[in-house]
2 protein chains.
Amino acid sequence: MNIAVIGPGAVGGYYGALLARAGFEVHFLFHSDFEHVKNQGLYVESINGDIRLSHVRAYAAPEDMPVCDIAIIALKTTENHLLSRILPQVVRPDGTVVLLQNGLGAEYAAQAVVPDAAVLGGLCFLCSNKIGPGHIRHLDYGSIRMGQHGPGGRAAGITPQLEAVAGLFSTAGIQVDTAGDLGRARWEKLVWNMPFNGLCVILNAVTSDLVSSDPSTALLRSVMLEVIGAARACGYGVEPEFADEMIAATRKMVSYKPSMKLDYEAGRKPETDAIYRYPIEAAATAGYDMSQCRVLLHQLEYLDHQNR
Amino acid sequence: MNIAVIGPGAVGGYYGALLARAGFEVHFLFHSDFEHVKNQGLYVESINGDIRLSHVRAYAAPEDMPVCDIAIIALKTTENHLLSRILPQVVRPDGTVVLLQNGLGAEYAAQAVVPDAAVLGGLCFLCSNKIGPGHIRHLDYGSIRMGQHGPGGRAAGITPQLEAVAGLFSTAGIQVDTAGDLGRARWEKLVWNMPFNGLCVILNAVTSDLVSSDPSTALLRSVMLEVIGAARACGYGVEPEFADEMIAATRKMVSYKPSMKLDYEAGRKPETDAIYRYPIEAAATAGYDMSQCRVLLHQLEYLDHQNR
């Protein structure tokens with residue numbers, strides 16, 4: 001059993017390091033950090049104890065990597081145009097691809113490249129940052145909600161491949177909650193991601209700012225209800241009460257900057273397509289206009305254009 | 001014939017100075033600038049020639065003013081809670097009130113205070129700023145679109161009182177276009193005001209920024225079409241093509257900061273009620289959800305809360 005980790009940043013580096021520490025054969029495809037990690041290893045500072053991997057199976061190009069049983073894709077979705085080049089190099093045609101990515105659409109793109117592979121999606125509830133080359137700081141949480149992509153996005157149930165990956169991650173100390181309906185799980189995550197990611201950028205705020213003023217809380221709830229309406233139009237029975245649950249949960253969380261806010265501050269391309277455009281398009285196809293999220297998307301696109 | 005000007009700032013100071021220069025008896029109610037104007041007069045720098053009024057009929061309290069035939073209200077709408085105290089002091093019960101104010105709602109508030117007066121609303125197409133005590137700089141334009149408030153907001157037509165005020169302003173060199181349906185004129189102005197005022201604050205932009213990028217132009221158009229939809233739901237037949245006309249007109253205008261942006265930068269209370277809340281409520285009463293404008297309103301309220 002061998003595992004490829006593509007894009008070992010804050011997410012992939014953290015989970016990859018846990019899998020390597022557990023003794024699995026993990027091959028890491030790096031981009032800018034390759035030389036550093038090859039020479040000095042990978043270092044994960046974690047609230048659960050630090051991990052220092054001195055000898056990392058590090059690669060700078062997918063062509064140099066062995067074909068693996070499992071490929072974990074932890075690229076930003078903005079890099080998913082690379083999947084068609086990378087995936088056939090790094091995973092068996094009948095292997096398993098695990099997409100630890102935000103938003104909608106990635107599983108469709110991956111499945112098109114490796115039609116005979118099992119394509120899983122994982123929603124990471126993880127606070128971690130890459131703070132330097134080969135240096136990751138894990139701040140909180142770490143569980144993954146994972147499901148298999150079914151034909152046409154329909155529920156695939158709890159498949160053997162999903163159970164195998166969940167078991168393997170579990171062996172490495174990673175909590176995985178399996179989901180029989182990945183589409184629903186992705187829309188549930190969007191109920192949080194669509195209001196918070198965009199508004200933290202647009203209003204120059206952190207999560208605690210938004211849940212502690214009346215107008216922003218009203219706005220969060222209104223956008224969440226729109227996302228829930230879109231999910232329902234797409235056939236996923238998310239309940240309206242989920243909005244208030246998410247707001248209450250955020251009030252209890254440590255305050256932080258969502259990934260889009262970090263991307264914006266660093267001048268990186270934000271994941272507006274995965275987190276906004278594809279859900280808006282999916283809802284429109286189902287006859288539902290996400291008018292509030294369209295406002296956020298256009299505002300984000302304008303700000304990104306000014307920012308870079 | 002005497003005229004009271006209440007709130008002689010960038011708008012009221014400009015028009016009041018033109019009326020005084022034309023020889024009308026104009027009484028100005030000042031707030032913070034009273035002492036300065038009493039001692040040093042009122043100075044309007046204008047592209048059409050400067051106006052220096054050395055002896056101004058200036059007052060610090062409405063109780064000190066004579067009862068006038070016409071009262072021009074040029075307060076910010078955020079000060080309209082003062083109308084119930086000011087209006088009965090400064091205008092004849094059967095006189096004429098001219099509200100040179102933004103947004104919706106002011107005529108209803110004024111008419112309730114002086115039920116027998118003619119209440120007119122004026123939409124000022126004026127670029128001017130107050131740049132110091134008793135010192136106004138007129139940069140461009142200056143015409144007023146004016147109509148009379150009809151019972152329940154219905155079209156009042158071109159009334160004798162409207163014609164009288166238009167004639168009087170015209171004598172002073174102010175171009176007035178009379179509108180038989182003030183409600184429609186106010187909604188047409190909102191087609192511009194609702195996207196530009198809010199987005200210039202939220203996106204830290206000036207008008208030319210917003211009309212020169214694709215995502216912000218798409219957003220402007222989408223919000224404008226929502227305002228037009230709301231106007232139509234309220235019974236005002238604004239055509240959808242008006243959105244593109246407004247965008248094209250803005251491309252030709254000198255770039256500038258809408259009043260809400262200036263208010264925000266100065267830490268003043270912005271006119272969110274008049275420009276957003278009341279139109280949104282009026283549309284909701286007519287069964288139309290201005291969901292995009294609700295997003296802008298909540299964003300503005302959040303930013304204002306952080307700003308002051």
# chains A, B, ... in the order shown; residues from 1 in each chain; ligands from 1
>>> select_by_dssp(residues="region 102-157 of chain B", states="strand (DSSP E)", output="MDAnalysis selection string")
chainID B and resid 118:132 135:148
>>> write_last_selection(atoms="N, CA and C atoms", output="tab-separated table (two decimals), in the first residue's frame")
chain	number	residue	atom	x	y	z
B	118	ALA	N	-47.52	72.28	0.71
B	118	ALA	CA	-47.11	71.54	-0.49
B	118	ALA	C	-45.71	70.99	-0.22
B	119	VAL	N	-45.55	69.68	-0.34
B	119	VAL	CA	-44.23	69.08	-0.10
B	119	VAL	C	-43.66	68.67	-1.44
B	120	LEU	N	-42.53	69.26	-1.79
B	120	LEU	CA	-41.84	68.92	-3.04
B	120	LEU	C	-40.57	68.16	-2.72
B	121	GLY	N	-40.18	67.30	-3.63
B	121	GLY	CA	-38.89	66.62	-3.50
B	121	GLY	C	-38.01	66.99	-4.66
B	122	GLY	N	-36.73	67.22	-4.38
B	122	GLY	CA	-35.80	67.57	-5.44
B	122	GLY	C	-34.62	66.62	-5.46
B	123	LEU	N	-34.31	66.11	-6.64
B	123	LEU	CA	-33.15	65.23	-6.82
B	123	LEU	C	-32.05	66.07	-7.45
B	124	CYS	N	-30.99	66.27	-6.72
B	124	CYS	CA	-29.96	67.19	-7.17
B	124	CYS	C	-28.88	66.45	-7.95
B	125	PHE	N	-28.64	66.87	-9.15
B	125	PHE	CA	-27.53	66.34	-9.94
B	125	PHE	C	-26.41	67.36	-9.82
B	126	LEU	N	-25.67	67.22	-8.77
B	126	LEU	CA	-24.75	68.27	-8.33
B	126	LEU	C	-23.49	67.63	-7.77
B	127	CYS	N	-22.35	68.11	-8.19
B	127	CYS	CA	-21.08	67.73	-7.55
B	127	CYS	C	-20.60	68.93	-6.77
B	128	SER	N	-20.73	68.88	-5.46
B	128	SER	CA	-20.19	69.95	-4.63
B	128	SER	C	-19.78	69.37	-3.29
B	129	ASN	N	-18.85	70.02	-2.64
B	129	ASN	CA	-18.37	69.59	-1.32
B	129	ASN	C	-18.30	70.79	-0.40
B	130	LYS	N	-18.53	70.57	0.86
B	130	LYS	CA	-18.21	71.60	1.84
B	130	LYS	C	-16.76	71.37	2.23
B	131	ILE	N	-15.91	72.37	2.01
B	131	ILE	CA	-14.48	72.11	2.27
B	131	ILE	C	-13.98	72.84	3.51
B	132	GLY	N	-14.86	73.63	4.14
B	132	GLY	CA	-14.50	74.30	5.38
B	132	GLY	C	-15.72	75.03	5.89
B	135	HIS	N	-17.74	77.42	3.60
B	135	HIS	CA	-16.95	77.39	2.36
B	135	HIS	C	-17.32	76.14	1.54
B	136	ILE	N	-17.96	76.40	0.40
B	136	ILE	CA	-18.45	75.31	-0.44
B	136	ILE	C	-17.75	75.36	-1.78
B	137	ARG	N	-17.40	74.20	-2.28
B	137	ARG	CA	-16.78	74.14	-3.60
B	137	ARG	C	-17.71	73.40	-4.56
B	138	HIS	N	-18.16	74.10	-5.59
B	138	HIS	CA	-19.05	73.52	-6.59
B	138	HIS	C	-18.21	73.05	-7.78
B	139	LEU	N	-18.26	71.74	-8.04
B	139	LEU	CA	-17.36	71.16	-9.03
B	139	LEU	C	-17.99	70.95	-10.39
B	140	ASP	N	-19.27	70.57	-10.39
B	140	ASP	CA	-19.88	70.24	-11.69
B	140	ASP	C	-21.40	70.13	-11.54
B	141	TYR	N	-22.07	70.21	-12.67
B	141	TYR	CA	-23.53	70.03	-12.74
B	141	TYR	C	-24.26	71.03	-11.84
B	142	GLY	N	-25.51	70.71	-11.50
B	142	GLY	CA	-26.26	71.61	-10.63
B	142	GLY	C	-27.77	71.59	-10.85
B	143	SER	N	-28.23	70.79	-11.82
B	143	SER	CA	-29.67	70.80	-12.08
B	143	SER	C	-30.42	70.00	-11.01
B	144	ILE	N	-31.71	70.28	-10.91
B	144	ILE	CA	-32.57	69.60	-9.94
B	144	ILE	C	-33.77	69.03	-10.67
B	145	ARG	N	-34.07	67.78	-10.41
B	145	ARG	CA	-35.31	67.17	-10.90
B	145	ARG	C	-36.29	67.24	-9.74
B	146	MET	N	-37.42	67.91	-9.95
B	146	MET	CA	-38.30	68.22	-8.83
B	146	MET	C	-39.73	67.80	-9.11
B	147	GLY	N	-40.38	67.27	-8.09
B	147	GLY	CA	-41.78	66.90	-8.23
B	147	GLY	C	-42.51	67.12	-6.92
B	148	GLN	N	-43.83	67.10	-6.98
B	148	GLN	CA	-44.61	67.27	-5.76
B	148	GLN	C	-45.05	65.91	-5.23
>>> residues_around(residues="region 183-187 of chain B", least_positions_apart="4", cutoff="9 Å", atoms="only C-alpha atoms", output="mmCIF file with C-alpha atoms, in the first residue's frame")
data_model
loop_
_atom_site.group_PDB
_atom_site.id
_atom_site.type_symbol
_atom_site.label_atom_id
_atom_site.label_comp_id
_atom_site.auth_asym_id
_atom_site.auth_seq_id
_atom_site.Cartn_x
_atom_site.Cartn_y
_atom_site.Cartn_z
ATOM 1 C CA ASN B 102 -31.459 61.421 -1.076
ATOM 2 C CA GLY B 103 -33.433 58.222 -1.114
ATOM 3 C CA LEU B 104 -36.997 57.534 -0.107
ATOM 4 C CA GLY B 121 -38.890 66.617 -3.495
ATOM 5 C CA GLY B 122 -35.798 67.567 -5.444
ATOM 6 C CA LEU B 123 -33.146 65.226 -6.817
ATOM 7 C CA ARG B 145 -35.310 67.173 -10.902
ATOM 8 C CA MET B 146 -38.295 68.219 -8.827
ATOM 9 C CA GLY B 147 -41.785 66.896 -8.230
ATOM 10 C CA HIS B 149 -45.407 64.568 -3.224
ATOM 11 C CA GLY B 150 -48.929 63.307 -3.894
ATOM 12 C CA GLY B 153 -47.014 58.842 -2.754
ATOM 13 C CA ARG B 154 -49.146 58.831 -5.917
ATOM 14 C CA ALA B 155 -48.278 61.082 -8.875
ATOM 15 C CA ALA B 179 -41.539 65.676 -12.796
ATOM 16 C CA VAL B 191 -31.214 52.889 -9.802
ATOM 17 C CA VAL B 227 -33.893 48.201 -8.220
ATOM 18 C CA ILE B 228 -35.807 48.488 -11.494
ATOM 19 C CA ALA B 230 -38.568 46.826 -7.222
ATOM 20 C CA ALA B 231 -39.664 50.114 -8.831
ATOM 21 C CA GLY B 235 -45.981 50.681 -9.701
ATOM 22 C CA TYR B 236 -43.311 52.819 -11.396
ATOM 23 C CA GLY B 237 -42.684 51.726 -14.969
ATOM 24 C CA VAL B 238 -38.915 52.090 -15.168
ATOM 25 C CA PRO B 279 -36.706 51.270 -0.578
#
>>> interface_residues(of="chain A", to="chain B", cutoff="8 Å", atoms="only C-alpha atoms", output="MDAnalysis selection string")
chainID A and resid 202:203 213:216 218:219 291:292 295 298:299 301:303
>>> write_last_selection(atoms="C-alpha atoms", output="PDB file, in the first residue's frame")
ATOM      1  CA  ILE A 202     -15.038  41.813   1.662  1.00  0.00           C
ATOM      2  CA  LEU A 203     -15.530  43.254   5.159  1.00  0.00           C
ATOM      3  CA  SER A 213     -22.536  42.300  15.352  1.00  0.00           C
ATOM      4  CA  ASP A 214     -26.248  42.305  14.511  1.00  0.00           C
ATOM      5  CA  PRO A 215     -26.114  43.349  10.844  1.00  0.00           C
ATOM      6  CA  SER A 216     -23.394  40.856   9.946  1.00  0.00           C
ATOM      7  CA  ALA A 218     -28.361  38.886   9.937  1.00  0.00           C
ATOM      8  CA  LEU A 219     -26.378  38.769   6.712  1.00  0.00           C
ATOM      9  CA  SER A 291     -28.649  36.235  -5.834  1.00  0.00           C
ATOM     10  CA  GLN A 292     -26.906  37.068  -2.555  1.00  0.00           C
ATOM     11  CA  VAL A 295     -23.193  39.660  -5.050  1.00  0.00           C
ATOM     12  CA  HIS A 298     -18.717  39.664  -7.967  1.00  0.00           C
ATOM     13  CA  GLN A 299     -17.387  41.645  -5.037  1.00  0.00           C
ATOM     14  CA  GLU A 301     -13.731  39.025  -8.183  1.00  0.00           C
ATOM     15  CA  TYR A 302     -13.489  42.813  -8.172  1.00  0.00           C
ATOM     16  CA  LEU A 303     -11.330  42.845  -5.021  1.00  0.00           C
TER      17      LEU A 303
END
>>> atom_distance(atom1="CA of Trp192 (chain A)", atom2="CA of Asp273 (chain A)")
16.1 Å
>>> residues_around(residues="region 113-115 of chain B", least_positions_apart="4", cutoff="9 Å", atoms="only C-alpha atoms", output="number ranges by chain")
B: 83-85, 87-88, 91-95, 97, 108-109, 119
>>> write_last_selection(atoms="N, CA and C atoms", output="mmCIF file, in the first residue's frame")
data_model
loop_
_atom_site.group_PDB
_atom_site.id
_atom_site.type_symbol
_atom_site.label_atom_id
_atom_site.label_comp_id
_atom_site.auth_asym_id
_atom_site.auth_seq_id
_atom_site.Cartn_x
_atom_site.Cartn_y
_atom_site.Cartn_z
ATOM 1 N N LEU B 83 -37.088 67.278 11.798
ATOM 2 C CA LEU B 83 -38.094 67.990 10.995
ATOM 3 C C LEU B 83 -39.316 68.382 11.815
ATOM 4 N N SER B 84 -39.725 67.509 12.728
ATOM 5 C CA SER B 84 -40.963 67.808 13.479
ATOM 6 C C SER B 84 -40.776 69.035 14.373
ATOM 7 N N ARG B 85 -39.538 69.329 14.750
ATOM 8 C CA ARG B 85 -39.293 70.524 15.560
ATOM 9 C C ARG B 85 -39.072 71.733 14.664
ATOM 10 N N LEU B 87 -39.759 72.299 11.122
ATOM 11 C CA LEU B 87 -40.689 72.753 10.065
ATOM 12 C C LEU B 87 -41.779 73.710 10.559
ATOM 13 N N PRO B 88 -42.468 73.395 11.669
ATOM 14 C CA PRO B 88 -43.529 74.322 12.086
ATOM 15 C C PRO B 88 -43.000 75.718 12.418
ATOM 16 N N VAL B 91 -41.798 77.473 8.321
ATOM 17 C CA VAL B 91 -42.609 77.566 7.098
ATOM 18 C C VAL B 91 -44.084 77.766 7.467
ATOM 19 N N ARG B 92 -44.747 78.569 6.667
ATOM 20 C CA ARG B 92 -46.192 78.782 6.831
ATOM 21 C C ARG B 92 -46.925 77.451 6.745
ATOM 22 N N PRO B 93 -48.005 77.272 7.498
ATOM 23 C CA PRO B 93 -48.728 75.989 7.428
ATOM 24 C C PRO B 93 -49.170 75.656 6.008
ATOM 25 N N ASP B 94 -49.496 76.669 5.202
ATOM 26 C CA ASP B 94 -49.897 76.409 3.813
ATOM 27 C C ASP B 94 -48.777 76.799 2.849
ATOM 28 N N GLY B 95 -47.546 76.807 3.362
ATOM 29 C CA GLY B 95 -46.403 77.147 2.514
ATOM 30 C C GLY B 95 -45.913 75.938 1.723
ATOM 31 N N VAL B 97 -42.645 73.170 1.164
ATOM 32 C CA VAL B 97 -41.409 72.557 1.657
ATOM 33 C C VAL B 97 -40.726 71.878 0.485
ATOM 34 N N TYR B 108 -42.781 61.780 3.070
ATOM 35 C CA TYR B 108 -43.802 61.250 3.980
ATOM 36 C C TYR B 108 -43.613 61.853 5.368
ATOM 37 N N ALA B 109 -42.347 61.892 5.813
ATOM 38 C CA ALA B 109 -42.061 62.431 7.146
ATOM 39 C C ALA B 109 -42.420 63.910 7.220
ATOM 40 N N VAL B 119 -45.551 69.681 -0.337
ATOM 41 C CA VAL B 119 -44.234 69.083 -0.101
ATOM 42 C C VAL B 119 -43.656 68.665 -1.438
#
>>> select_by_dssp(residues="region 12-199 of chain A", states="helix (DSSP H, G or I)", output="PyMOL selection string")
chain A and resi 12-21+34-40+62-64+77-90+106-113+151-153+160-171+182-199
>>> residues_around(residues="Gly41 (chain B)", least_positions_apart="5", cutoff="9 Å", atoms="only C-alpha atoms", output="PyMOL selection string")
chain B and resi 36+52-56+58+134
>>> decode(residues="region 230-266 of chain A", atoms="N, CA and C atoms", output="compact mmCIF listing (two decimals), in the first residue's frame")
# COMPACT_ATOMS: atom_id res chain seq x y z
N ALA A 230 -30.53 26.55 -2.03
CA ALA A 230 -29.89 26.02 -3.24
C ALA A 230 -29.63 24.53 -3.09
N ALA A 231 -29.15 24.12 -1.91
CA ALA A 231 -28.89 22.70 -1.66
C ALA A 231 -30.19 21.90 -1.85
N ARG A 232 -31.27 22.41 -1.33
CA ARG A 232 -32.56 21.71 -1.44
C ARG A 232 -33.02 21.65 -2.89
N ALA A 233 -32.80 22.77 -3.62
CA ALA A 233 -33.16 22.78 -5.04
C ALA A 233 -32.35 21.73 -5.81
N CYS A 234 -31.12 21.48 -5.32
CA CYS A 234 -30.26 20.48 -5.97
C CYS A 234 -30.53 19.07 -5.45
N GLY A 235 -31.49 18.94 -4.56
CA GLY A 235 -31.90 17.60 -4.11
C GLY A 235 -31.29 17.14 -2.80
N TYR A 236 -30.63 18.04 -2.08
CA TYR A 236 -30.02 17.68 -0.81
C TYR A 236 -30.83 18.31 0.32
N GLY A 237 -31.40 17.46 1.16
CA GLY A 237 -32.38 17.93 2.14
C GLY A 237 -31.78 18.56 3.39
N VAL A 238 -31.00 19.63 3.23
CA VAL A 238 -30.45 20.33 4.39
C VAL A 238 -31.58 21.15 5.02
N GLU A 239 -31.69 21.11 6.35
CA GLU A 239 -32.78 21.80 7.04
C GLU A 239 -32.41 23.26 7.32
N PRO A 240 -33.38 24.16 7.27
CA PRO A 240 -33.11 25.58 7.54
C PRO A 240 -32.49 25.82 8.92
N GLU A 241 -32.83 24.98 9.90
CA GLU A 241 -32.27 25.16 11.25
C GLU A 241 -30.74 25.06 11.25
N PHE A 242 -30.19 24.42 10.22
CA PHE A 242 -28.74 24.25 10.13
C PHE A 242 -28.02 25.60 10.15
N ALA A 243 -28.67 26.65 9.64
CA ALA A 243 -28.05 27.99 9.62
C ALA A 243 -27.75 28.45 11.04
N ASP A 244 -28.75 28.40 11.89
CA ASP A 244 -28.53 28.86 13.27
C ASP A 244 -27.53 27.97 14.01
N GLU A 245 -27.53 26.68 13.69
CA GLU A 245 -26.54 25.78 14.30
C GLU A 245 -25.12 26.21 13.92
N MET A 246 -24.93 26.57 12.65
CA MET A 246 -23.60 26.97 12.18
C MET A 246 -23.16 28.28 12.85
N ILE A 247 -24.10 29.21 13.01
CA ILE A 247 -23.75 30.49 13.65
C ILE A 247 -23.40 30.24 15.11
N ALA A 248 -24.19 29.41 15.78
CA ALA A 248 -23.90 29.10 17.18
C ALA A 248 -22.55 28.39 17.31
N ALA A 249 -22.27 27.47 16.40
CA ALA A 249 -20.99 26.75 16.45
C ALA A 249 -19.82 27.71 16.24
N THR A 250 -19.99 28.68 15.33
CA THR A 250 -18.91 29.62 15.05
C THR A 250 -18.66 30.53 16.26
N ARG A 251 -19.71 30.84 16.99
CA ARG A 251 -19.54 31.65 18.21
C ARG A 251 -18.65 30.92 19.21
N LYS A 252 -18.68 29.59 19.19
CA LYS A 252 -17.89 28.81 20.16
C LYS A 252 -16.48 28.53 19.66
N MET A 253 -16.25 28.69 18.35
CA MET A 253 -14.93 28.38 17.79
C MET A 253 -13.94 29.47 18.15
N VAL A 254 -12.66 29.10 18.14
CA VAL A 254 -11.62 30.12 18.23
C VAL A 254 -11.74 30.99 16.96
N SER A 255 -11.54 32.31 17.12
CA SER A 255 -11.68 33.21 15.99
C SER A 255 -10.57 32.94 14.98
N TYR A 256 -10.93 32.91 13.73
CA TYR A 256 -9.86 32.77 12.75
C TYR A 256 -10.22 33.31 11.38
N LYS A 257 -9.19 33.34 10.52
CA LYS A 257 -9.34 33.84 9.16
C LYS A 257 -9.57 32.65 8.24
N PRO A 258 -10.68 32.61 7.52
CA PRO A 258 -10.89 31.52 6.56
C PRO A 258 -9.82 31.55 5.47
N SER A 259 -9.69 30.42 4.77
CA SER A 259 -8.61 30.28 3.79
C SER A 259 -8.64 31.38 2.74
N MET A 260 -9.83 31.81 2.35
CA MET A 260 -9.90 32.83 1.31
C MET A 260 -9.33 34.17 1.79
N LYS A 261 -9.51 34.44 3.07
CA LYS A 261 -8.95 35.66 3.65
C LYS A 261 -7.42 35.57 3.66
N LEU A 262 -6.89 34.41 4.02
CA LEU A 262 -5.44 34.23 4.01
C LEU A 262 -4.91 34.35 2.58
N ASP A 263 -5.62 33.76 1.63
CA ASP A 263 -5.19 33.87 0.23
C ASP A 263 -5.19 35.32 -0.22
N TYR A 264 -6.23 36.05 0.14
CA TYR A 264 -6.34 37.45 -0.27
C TYR A 264 -5.20 38.26 0.31
N GLU A 265 -4.92 38.06 1.60
CA GLU A 265 -3.85 38.83 2.24
C GLU A 265 -2.49 38.51 1.64
N ALA A 266 -2.33 37.27 1.16
CA ALA A 266 -1.05 36.89 0.58
C ALA A 266 -0.97 37.20 -0.92
